[in-house]
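As structure tokens, the structure follows; a few thoughts come after it.
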Amino acid sequence: MPPPPTTSNGTAAAPPPTTIPLSNALMTKLKPAKIFKGAVEPTPPSTPVARSHQGPRHITAITFDDRGDQVLTAAEDETFRLYSCKTGKHLKTLYSKKYGVDLPRFTHRHTTVVHASTKEDDTIRYHSLHDNKYLQYFKGHSGRVVSLEVSPIDDGFMSGSVDKMVRLWDLCAPTCCGLLNLPASPIVAYDSSGLVFAVGVNHYSRILLYDQANYDKDPFLTITLEDPTLALVSYPPRPIYMTSLSFSPNAKYILVGCSGDAHYILDAFEGHLLAKLEGHVGLERRRIDAPQTIDPSKGNSGEEVSWTPDSKYVISGSLNGKIIIWDVQNLPVRSGVVDLKAHPTRLQPLTTLDGHPGPSRCVRFNPRLAMIVSAGAELAFWLPDQSADNEEIAKELLRKK
């Protein structure tokens, strides 16, 4: 038997990481492994609470570093909280009481993030988690930033604001290096190659795809998001309100997160509407008992739906606190001229996991580890329950005897 591998100083080397393929069986066995009840500071009793913020404070966004080792949360208590995904421990709390914090996004360094502001002004800030200092200010937006994404290949990033502008930035320069004027508030996303980005425009139900190198030219593809099945529910149909866009890691599909009770999957090459994801309660309202407004709005939606790293599953939060998982491995194939009247495949959840006591408004799958992080009024780390596998192995052994 060969000796165990050692490092240069003679100590035993760590065993290589085990690769776990995601499967339907594994996804249904996800259980909360760690719950952080104090992940958000409670609202002080003396503070007047706005009508739209009744109830406990929420975590509003989460982001992983590239290696999946750390997760950072931003919350309505104006704090960042950093956690280790491997040890399940809270590492540090940083405060941004002057400017507020929203939409934190790790850069390609695990010690720095960019984030939007909620107070004072609409500046985007480049922040060091190591020494709690601002490294750069990115000024230009004249309205709140509602979408922020970092390029997967370099130090570029992109922001969309209620001032109806998309700005392209580089971490090395305080002024924007590109600008798009749009007719309504936009949301943005990069594809996995970083060579293409998408801009979603609400009120017009359009998704515009641009070549990163030629963003000053017209979009090379304009997709119309129109769901004919909505007319079966009410007429005229309630408009779709897009709150997030994300390309699948394999770059074949675009996931459109919405504040209503459905998300959508589009073909990224021609723009066909392929699937409508149902079974969750949209985050347009803050509380499950709040009445629905006539006109759709963003509400608390925007961070609740995402892909798994293998593009096989979509996970989402829900107003009732559940975590919804859809199997999207067998999406229909469509080609040719886009038919806006063609009904999408209506997908029901593979499984629904019991989640939070309040809304689960942030749900993300770790880019490297088999874990989900979900957040609302508390934070939860989800891992596959291996005990079920052990029970099955024991039963199999008993059968052989």
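Identifiers in this document derive from the order of the structure tokens: chains are assigned A, B, ..., residues are numbered from 1 separately in each chain, and ligands are numbered from 1 in order of occurrence.
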_Residues near Asn24 of chain A, cut-off 8 Å, only C-alpha atoms, skip fewer than 2 positions along chain, as a ChimeraX atom specification_ = /A:22,26-28,327,350
Write the residues of the selection above to a file with all heavy atoms, as a PDB file, in the first residue's frame.
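Written file, part00.pdb:
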ATOM      1  N   LEU A  22     -25.078  16.929  -8.957  1.00  0.00           N
ATOM      2  CA  LEU A  22     -26.410  17.266  -8.469  1.00  0.00           C
ATOM      3  C   LEU A  22     -27.438  16.382  -9.165  1.00  0.00           C
ATOM      4  O   LEU A  22     -27.390  16.188 -10.375  1.00  0.00           O
ATOM      5  CB  LEU A  22     -26.717  18.742  -8.735  1.00  0.00           C
ATOM      6  CG  LEU A  22     -25.780  19.757  -8.074  1.00  0.00           C
ATOM      7  CD1 LEU A  22     -26.245  21.174  -8.367  1.00  0.00           C
ATOM      8  CD2 LEU A  22     -25.687  19.520  -6.580  1.00  0.00           C
ATOM      9  N   LEU A  26     -30.607  14.162  -4.653  1.00  0.00           N
ATOM     10  CA  LEU A  26     -29.830  15.025  -3.755  1.00  0.00           C
ATOM     11  C   LEU A  26     -30.577  16.332  -3.473  1.00  0.00           C
ATOM     12  O   LEU A  26     -30.603  16.811  -2.334  1.00  0.00           O
ATOM     13  CB  LEU A  26     -28.462  15.316  -4.373  1.00  0.00           C
ATOM     14  CG  LEU A  26     -27.500  16.139  -3.510  1.00  0.00           C
ATOM     15  CD1 LEU A  26     -26.085  15.584  -3.615  1.00  0.00           C
ATOM     16  CD2 LEU A  26     -27.498  17.611  -3.906  1.00  0.00           C
ATOM     17  N   MET A  27     -31.193  16.905  -4.493  1.00  0.00           N
ATOM     18  CA  MET A  27     -31.870  18.192  -4.306  1.00  0.00           C
ATOM     19  C   MET A  27     -33.055  18.074  -3.355  1.00  0.00           C
ATOM     20  O   MET A  27     -33.388  19.029  -2.636  1.00  0.00           O
ATOM     21  CB  MET A  27     -32.331  18.742  -5.657  1.00  0.00           C
ATOM     22  CG  MET A  27     -31.199  19.029  -6.641  1.00  0.00           C
ATOM     23  SD  MET A  27     -30.007  20.241  -6.079  1.00  0.00           S
ATOM     24  CE  MET A  27     -30.916  21.763  -6.315  1.00  0.00           C
ATOM     25  N   THR A  28     -33.696  16.919  -3.333  1.00  0.00           N
ATOM     26  CA  THR A  28     -34.842  16.741  -2.425  1.00  0.00           C
ATOM     27  C   THR A  28     -34.394  16.464  -0.992  1.00  0.00           C
ATOM     28  O   THR A  28     -35.224  16.497  -0.077  1.00  0.00           O
ATOM     29  CB  THR A  28     -35.737  15.589  -2.905  1.00  0.00           C
ATOM     30  OG1 THR A  28     -34.956  14.388  -3.001  1.00  0.00           O
ATOM     31  CG2 THR A  28     -36.352  15.898  -4.259  1.00  0.00           C
ATOM     32  N   ASP A 327     -36.675  21.312 -11.731  1.00  0.00           N
ATOM     33  CA  ASP A 327     -35.784  20.551 -12.602  1.00  0.00           C
ATOM     34  C   ASP A 327     -35.964  21.088 -14.022  1.00  0.00           C
ATOM     35  O   ASP A 327     -37.048  20.985 -14.599  1.00  0.00           O
ATOM     36  CB  ASP A 327     -36.149  19.063 -12.529  1.00  0.00           C
ATOM     37  CG  ASP A 327     -35.291  18.204 -13.454  1.00  0.00           C
ATOM     38  OD1 ASP A 327     -34.426  18.744 -14.169  1.00  0.00           O
ATOM     39  OD2 ASP A 327     -35.503  16.972 -13.466  1.00  0.00           O
ATOM     40  N   LEU A 350     -39.927  20.520  -8.596  1.00  0.00           N
ATOM     41  CA  LEU A 350     -39.429  19.177  -8.281  1.00  0.00           C
ATOM     42  C   LEU A 350     -39.662  18.895  -6.810  1.00  0.00           C
ATOM     43  O   LEU A 350     -40.095  17.809  -6.421  1.00  0.00           O
ATOM     44  CB  LEU A 350     -37.934  19.093  -8.620  1.00  0.00           C
ATOM     45  CG  LEU A 350     -37.171  17.890  -8.065  1.00  0.00           C
ATOM     46  CD1 LEU A 350     -37.606  16.618  -8.784  1.00  0.00           C
ATOM     47  CD2 LEU A 350     -35.666  18.109  -8.178  1.00  0.00           C
TER      48      LEU A 350
END
*Determine which residues of segment 184-253 of chain A receive a DSSP assignment of helix (DSSP H, G or I), computed from the backbone, and state them as a ChimeraX atom specification.*
/A:212-214,228-232
Could you turn the residues from that selection into a file that holds C-alpha atoms, as a CSV table (one decimal), in the first residue's frame?
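The result, written out as again.csv:
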chain,number,residue,atom,x,y,z
A,212,GLN,CA,-19.7,43.9,-24.8
A,213,ALA,CA,-17.2,45.1,-27.3
A,214,ASN,CA,-19.8,47.1,-29.3
A,228,PRO,CA,-50.1,34.3,-23.4
A,229,THR,CA,-51.2,32.1,-20.4
A,230,LEU,CA,-51.7,35.3,-18.3
A,231,ALA,CA,-54.8,36.1,-20.4
A,232,LEU,CA,-56.3,32.8,-19.0
For Pro349 of chain A, list every protein, DNA or RNA residue within 9 Å, evaluated using only C-alpha atoms, and leave out those in the same chain fewer than 4 positions away; present the list as a short mmCIF file (atom, residue, chain, number, x, y, z; two decimals) with N, CA, C and O atoms, in the first residue's frame.
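Listing of around-v1.cif after writing:
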data_model
loop_
_atom_site.label_atom_id
_atom_site.label_comp_id
_atom_site.auth_asym_id
_atom_site.auth_seq_id
_atom_site.Cartn_x
_atom_site.Cartn_y
_atom_site.Cartn_z
N LEU A 277 -42.09 29.03 -14.73
CA LEU A 277 -41.85 28.34 -13.46
C LEU A 277 -42.91 28.78 -12.45
O LEU A 277 -42.99 29.97 -12.10
N GLU A 278 -43.71 27.83 -11.99
CA GLU A 278 -44.83 28.12 -11.09
C GLU A 278 -44.67 27.36 -9.77
O GLU A 278 -43.84 26.48 -9.66
N GLY A 279 -45.49 27.74 -8.79
CA GLY A 279 -45.51 27.01 -7.53
C GLY A 279 -45.02 27.80 -6.35
O GLY A 279 -45.04 27.32 -5.21
N HIS A 280 -44.56 29.04 -6.58
CA HIS A 280 -44.11 29.89 -5.48
C HIS A 280 -45.06 31.09 -5.37
O HIS A 280 -45.90 31.32 -6.23
N ILE A 324 -38.17 26.77 -3.33
CA ILE A 324 -38.71 26.02 -4.45
C ILE A 324 -37.57 25.59 -5.36
O ILE A 324 -36.68 26.38 -5.66
N ILE A 325 -37.61 24.33 -5.82
CA ILE A 325 -36.59 23.82 -6.74
C ILE A 325 -37.29 23.24 -7.97
O ILE A 325 -38.19 22.40 -7.84
N TRP A 326 -36.88 23.72 -9.15
CA TRP A 326 -37.41 23.20 -10.41
C TRP A 326 -36.32 22.45 -11.16
O TRP A 326 -35.16 22.89 -11.22
N ASP A 327 -36.67 21.31 -11.73
CA ASP A 327 -35.78 20.55 -12.60
C ASP A 327 -35.96 21.09 -14.02
O ASP A 327 -37.05 20.98 -14.60
#
*Interatomic distance (Å, one decimal) between atom CA of Asp65 of chain A and atom CA of Tyr83 of chain A*: 10.9 Å
With only C-alpha atoms counted and 12 Å as the cut-off, give the residues of segment 210-271 of chain A in contact with segment 355-379 of chain A, each with its shortest interatomic distance in Å and the pair that gives it, as a tab-separated table.
residue	atom	partner	partner_atom	distance
A:Ser244	CA	A:Cys362	CA	11.9
A:Pro249	CA	A:Pro367	CA	10.1
A:Gly257	CA	A:Arg361	CA	11.9
A:Ser259	CA	A:Arg361	CA	10.7
*Which is closest to Asp77 of chain A among A:Ala268, A:Val40, A:Val162, A:Ala61, if we use only C-alpha atoms?*
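Comparing A:Ala268, A:Val40, A:Val162, A:Ala61 against Asp77 of chain A, the winner is A:Val40.
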*Skip segment 262-267 of chain A itself and residues of its chain fewer than 2 positions away, then list as a VMD selection string all residues within 8 Å of it, counting only C-alpha atoms.*
chain A and resid 252 to 260 269 to 280 282
Could you dump the residues just selected with N, CA and C atoms as a PDB file, in the first residue's frame?
ATOM      1  N   LYS A 252     -26.911  28.839 -22.413  1.00  0.00           N
ATOM      2  CA  LYS A 252     -27.980  28.504 -23.359  1.00  0.00           C
ATOM      3  C   LYS A 252     -29.295  29.222 -23.058  1.00  0.00           C
ATOM      4  N   TYR A 253     -29.503  29.606 -21.802  1.00  0.00           N
ATOM      5  CA  TYR A 253     -30.810  30.119 -21.385  1.00  0.00           C
ATOM      6  C   TYR A 253     -30.669  31.415 -20.589  1.00  0.00           C
ATOM      7  N   ILE A 254     -31.770  32.163 -20.544  1.00  0.00           N
ATOM      8  CA  ILE A 254     -31.860  33.349 -19.691  1.00  0.00           C
ATOM      9  C   ILE A 254     -33.007  33.124 -18.716  1.00  0.00           C
ATOM     10  N   LEU A 255     -32.711  33.242 -17.433  1.00  0.00           N
ATOM     11  CA  LEU A 255     -33.719  33.143 -16.375  1.00  0.00           C
ATOM     12  C   LEU A 255     -34.197  34.554 -16.046  1.00  0.00           C
ATOM     13  N   VAL A 256     -35.498  34.773 -16.169  1.00  0.00           N
ATOM     14  CA  VAL A 256     -36.085  36.080 -15.873  1.00  0.00           C
ATOM     15  C   VAL A 256     -36.832  35.969 -14.553  1.00  0.00           C
ATOM     16  N   GLY A 257     -36.294  36.586 -13.513  1.00  0.00           N
ATOM     17  CA  GLY A 257     -36.960  36.611 -12.224  1.00  0.00           C
ATOM     18  C   GLY A 257     -37.991  37.729 -12.192  1.00  0.00           C
ATOM     19  N   CYS A 258     -39.170  37.438 -11.678  1.00  0.00           N
ATOM     20  CA  CYS A 258     -40.272  38.406 -11.672  1.00  0.00           C
ATOM     21  C   CYS A 258     -40.854  38.535 -10.262  1.00  0.00           C
ATOM     22  N   SER A 259     -41.519  39.660 -10.019  1.00  0.00           N
ATOM     23  CA  SER A 259     -42.088  39.878  -8.689  1.00  0.00           C
ATOM     24  C   SER A 259     -43.418  39.155  -8.512  1.00  0.00           C
ATOM     25  N   GLY A 260     -44.031  38.700  -9.601  1.00  0.00           N
ATOM     26  CA  GLY A 260     -45.290  37.977  -9.521  1.00  0.00           C
ATOM     27  C   GLY A 260     -45.091  36.508  -9.208  1.00  0.00           C
ATOM     28  N   PHE A 269     -30.398  32.318 -27.505  1.00  0.00           N
ATOM     29  CA  PHE A 269     -29.889  32.540 -28.862  1.00  0.00           C
ATOM     30  C   PHE A 269     -30.923  33.189 -29.776  1.00  0.00           C
ATOM     31  N   GLU A 270     -32.200  32.804 -29.621  1.00  0.00           N
ATOM     32  CA  GLU A 270     -33.227  33.355 -30.503  1.00  0.00           C
ATOM     33  C   GLU A 270     -34.346  34.066 -29.742  1.00  0.00           C
ATOM     34  N   GLY A 271     -34.447  33.828 -28.435  1.00  0.00           N
ATOM     35  CA  GLY A 271     -35.432  34.545 -27.638  1.00  0.00           C
ATOM     36  C   GLY A 271     -36.760  33.844 -27.454  1.00  0.00           C
ATOM     37  N   HIS A 272     -36.848  32.542 -27.766  1.00  0.00           N
ATOM     38  CA  HIS A 272     -38.094  31.809 -27.562  1.00  0.00           C
ATOM     39  C   HIS A 272     -38.403  31.689 -26.071  1.00  0.00           C
ATOM     40  N   LEU A 273     -39.668  31.876 -25.706  1.00  0.00           N
ATOM     41  CA  LEU A 273     -40.112  31.628 -24.332  1.00  0.00           C
ATOM     42  C   LEU A 273     -40.312  30.123 -24.172  1.00  0.00           C
ATOM     43  N   LEU A 274     -39.489  29.502 -23.317  1.00  0.00           N
ATOM     44  CA  LEU A 274     -39.489  28.047 -23.204  1.00  0.00           C
ATOM     45  C   LEU A 274     -40.302  27.542 -22.021  1.00  0.00           C
ATOM     46  N   ALA A 275     -40.168  28.184 -20.876  1.00  0.00           N
ATOM     47  CA  ALA A 275     -40.796  27.629 -19.669  1.00  0.00           C
ATOM     48  C   ALA A 275     -41.280  28.731 -18.738  1.00  0.00           C
ATOM     49  N   LYS A 276     -42.356  28.413 -18.049  1.00  0.00           N
ATOM     50  CA  LYS A 276     -42.906  29.267 -17.000  1.00  0.00           C
ATOM     51  C   LYS A 276     -42.811  28.486 -15.693  1.00  0.00           C
ATOM     52  N   LEU A 277     -42.088  29.028 -14.730  1.00  0.00           N
ATOM     53  CA  LEU A 277     -41.854  28.344 -13.460  1.00  0.00           C
ATOM     54  C   LEU A 277     -42.909  28.784 -12.451  1.00  0.00           C
ATOM     55  N   GLU A 278     -43.714  27.829 -11.994  1.00  0.00           N
ATOM     56  CA  GLU A 278     -44.831  28.123 -11.094  1.00  0.00           C
ATOM     57  C   GLU A 278     -44.666  27.363  -9.774  1.00  0.00           C
ATOM     58  N   GLY A 279     -45.489  27.737  -8.792  1.00  0.00           N
ATOM     59  CA  GLY A 279     -45.507  27.007  -7.527  1.00  0.00           C
ATOM     60  C   GLY A 279     -45.015  27.801  -6.345  1.00  0.00           C
ATOM     61  N   HIS A 280     -44.555  29.042  -6.583  1.00  0.00           N
ATOM     62  CA  HIS A 280     -44.114  29.892  -5.479  1.00  0.00           C
ATOM     63  C   HIS A 280     -45.058  31.087  -5.369  1.00  0.00           C
ATOM     64  N   GLY A 282     -45.030  35.119  -5.283  1.00  0.00           N
ATOM     65  CA  GLY A 282     -44.134  36.218  -5.626  1.00  0.00           C
ATOM     66  C   GLY A 282     -43.894  37.183  -4.488  1.00  0.00           C
TER      67      GLY A 282
END
_as a ChimeraX atom specification, please: every residue in segment 217-282 of chain A that DSSP puts in strand (DSSP E)._
/A:221-224,242-247,253-258,263-267,273-277
*So what do you get for atom CA of Arg125 of chain A versus atom CA of Gly302 of chain A, distance-wise?*
19.9 Å
_Under the rule that only C-alpha atoms are counted, which of A:His203, A:Arg144, A:Arg285, A:Lys139 is the nearest residue to Leu168 of chain A?_
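Distance minimum relative to Leu168 of chain A lands on A:Lys139.
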*asked:* Give me, as a ChimeraX atom specification, all polymer residues having an atom no more than 10 Å from Ala184 of chain A, counting only C-alpha atoms and skipping those fewer than 4 positions away in the same chain.
replied: /A:161-165,200-204
*asked:* Just the number, please: distance in Å from atom CA of Leu91 of chain A to atom CA of Thr111 of chain A, one decimal.
replied: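 Atom CA of Leu91 of chain A sits 12.4 Å away from atom CA of Thr111 of chain A.
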*Excluding Lys298 of chain A and residues on its chain fewer than 4 positions from it, collect all residues at most 8 Å away from it, counting only C-alpha atoms, and give them as a list in words.*
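Once the nearby chain positions are removed, what remains is Tyr241, Met242, Thr243, Ser259, Leu283, Glu284 and Gly302 of chain A.
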Selection from above, N, CA and C atoms, as a PDB file, in the first residue's frame, can you write it?
ATOM      1  N   TYR A 241     -43.546  42.036 -14.267  1.00  0.00           N
ATOM      2  CA  TYR A 241     -42.553  42.978 -13.751  1.00  0.00           C
ATOM      3  C   TYR A 241     -41.248  42.215 -13.511  1.00  0.00           C
ATOM      4  N   MET A 242     -40.245  42.462 -14.355  1.00  0.00           N
ATOM      5  CA  MET A 242     -38.951  41.778 -14.247  1.00  0.00           C
ATOM      6  C   MET A 242     -38.099  42.419 -13.147  1.00  0.00           C
ATOM      7  N   THR A 243     -37.514  41.590 -12.305  1.00  0.00           N
ATOM      8  CA  THR A 243     -36.671  42.108 -11.220  1.00  0.00           C
ATOM      9  C   THR A 243     -35.248  41.563 -11.261  1.00  0.00           C
ATOM     10  N   SER A 259     -41.519  39.660 -10.019  1.00  0.00           N
ATOM     11  CA  SER A 259     -42.088  39.878  -8.689  1.00  0.00           C
ATOM     12  C   SER A 259     -43.418  39.155  -8.512  1.00  0.00           C
ATOM     13  N   LEU A 283     -42.756  37.891  -4.572  1.00  0.00           N
ATOM     14  CA  LEU A 283     -42.325  38.790  -3.494  1.00  0.00           C
ATOM     15  C   LEU A 283     -42.712  40.243  -3.758  1.00  0.00           C
ATOM     16  N   GLU A 284     -43.770  40.427  -4.526  1.00  0.00           N
ATOM     17  CA  GLU A 284     -44.232  41.794  -4.795  1.00  0.00           C
ATOM     18  C   GLU A 284     -44.706  42.478  -3.515  1.00  0.00           C
ATOM     19  N   GLY A 302     -35.993  40.303  -6.519  1.00  0.00           N
ATOM     20  CA  GLY A 302     -34.744  40.655  -7.189  1.00  0.00           C
ATOM     21  C   GLY A 302     -33.590  39.735  -6.865  1.00  0.00           C
TER      22      GLY A 302
END
_List the spatial neighbours of Ser192 of chain A as a list in words - criterion: any atom at most 8 Å away, only C-alpha atoms, same-chain residues fewer than 4 positions off excluded._
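These residues fall inside the cut-off: Pro152, Phe247, Ser248, Pro249, Asn250 and Ala251 of chain A.
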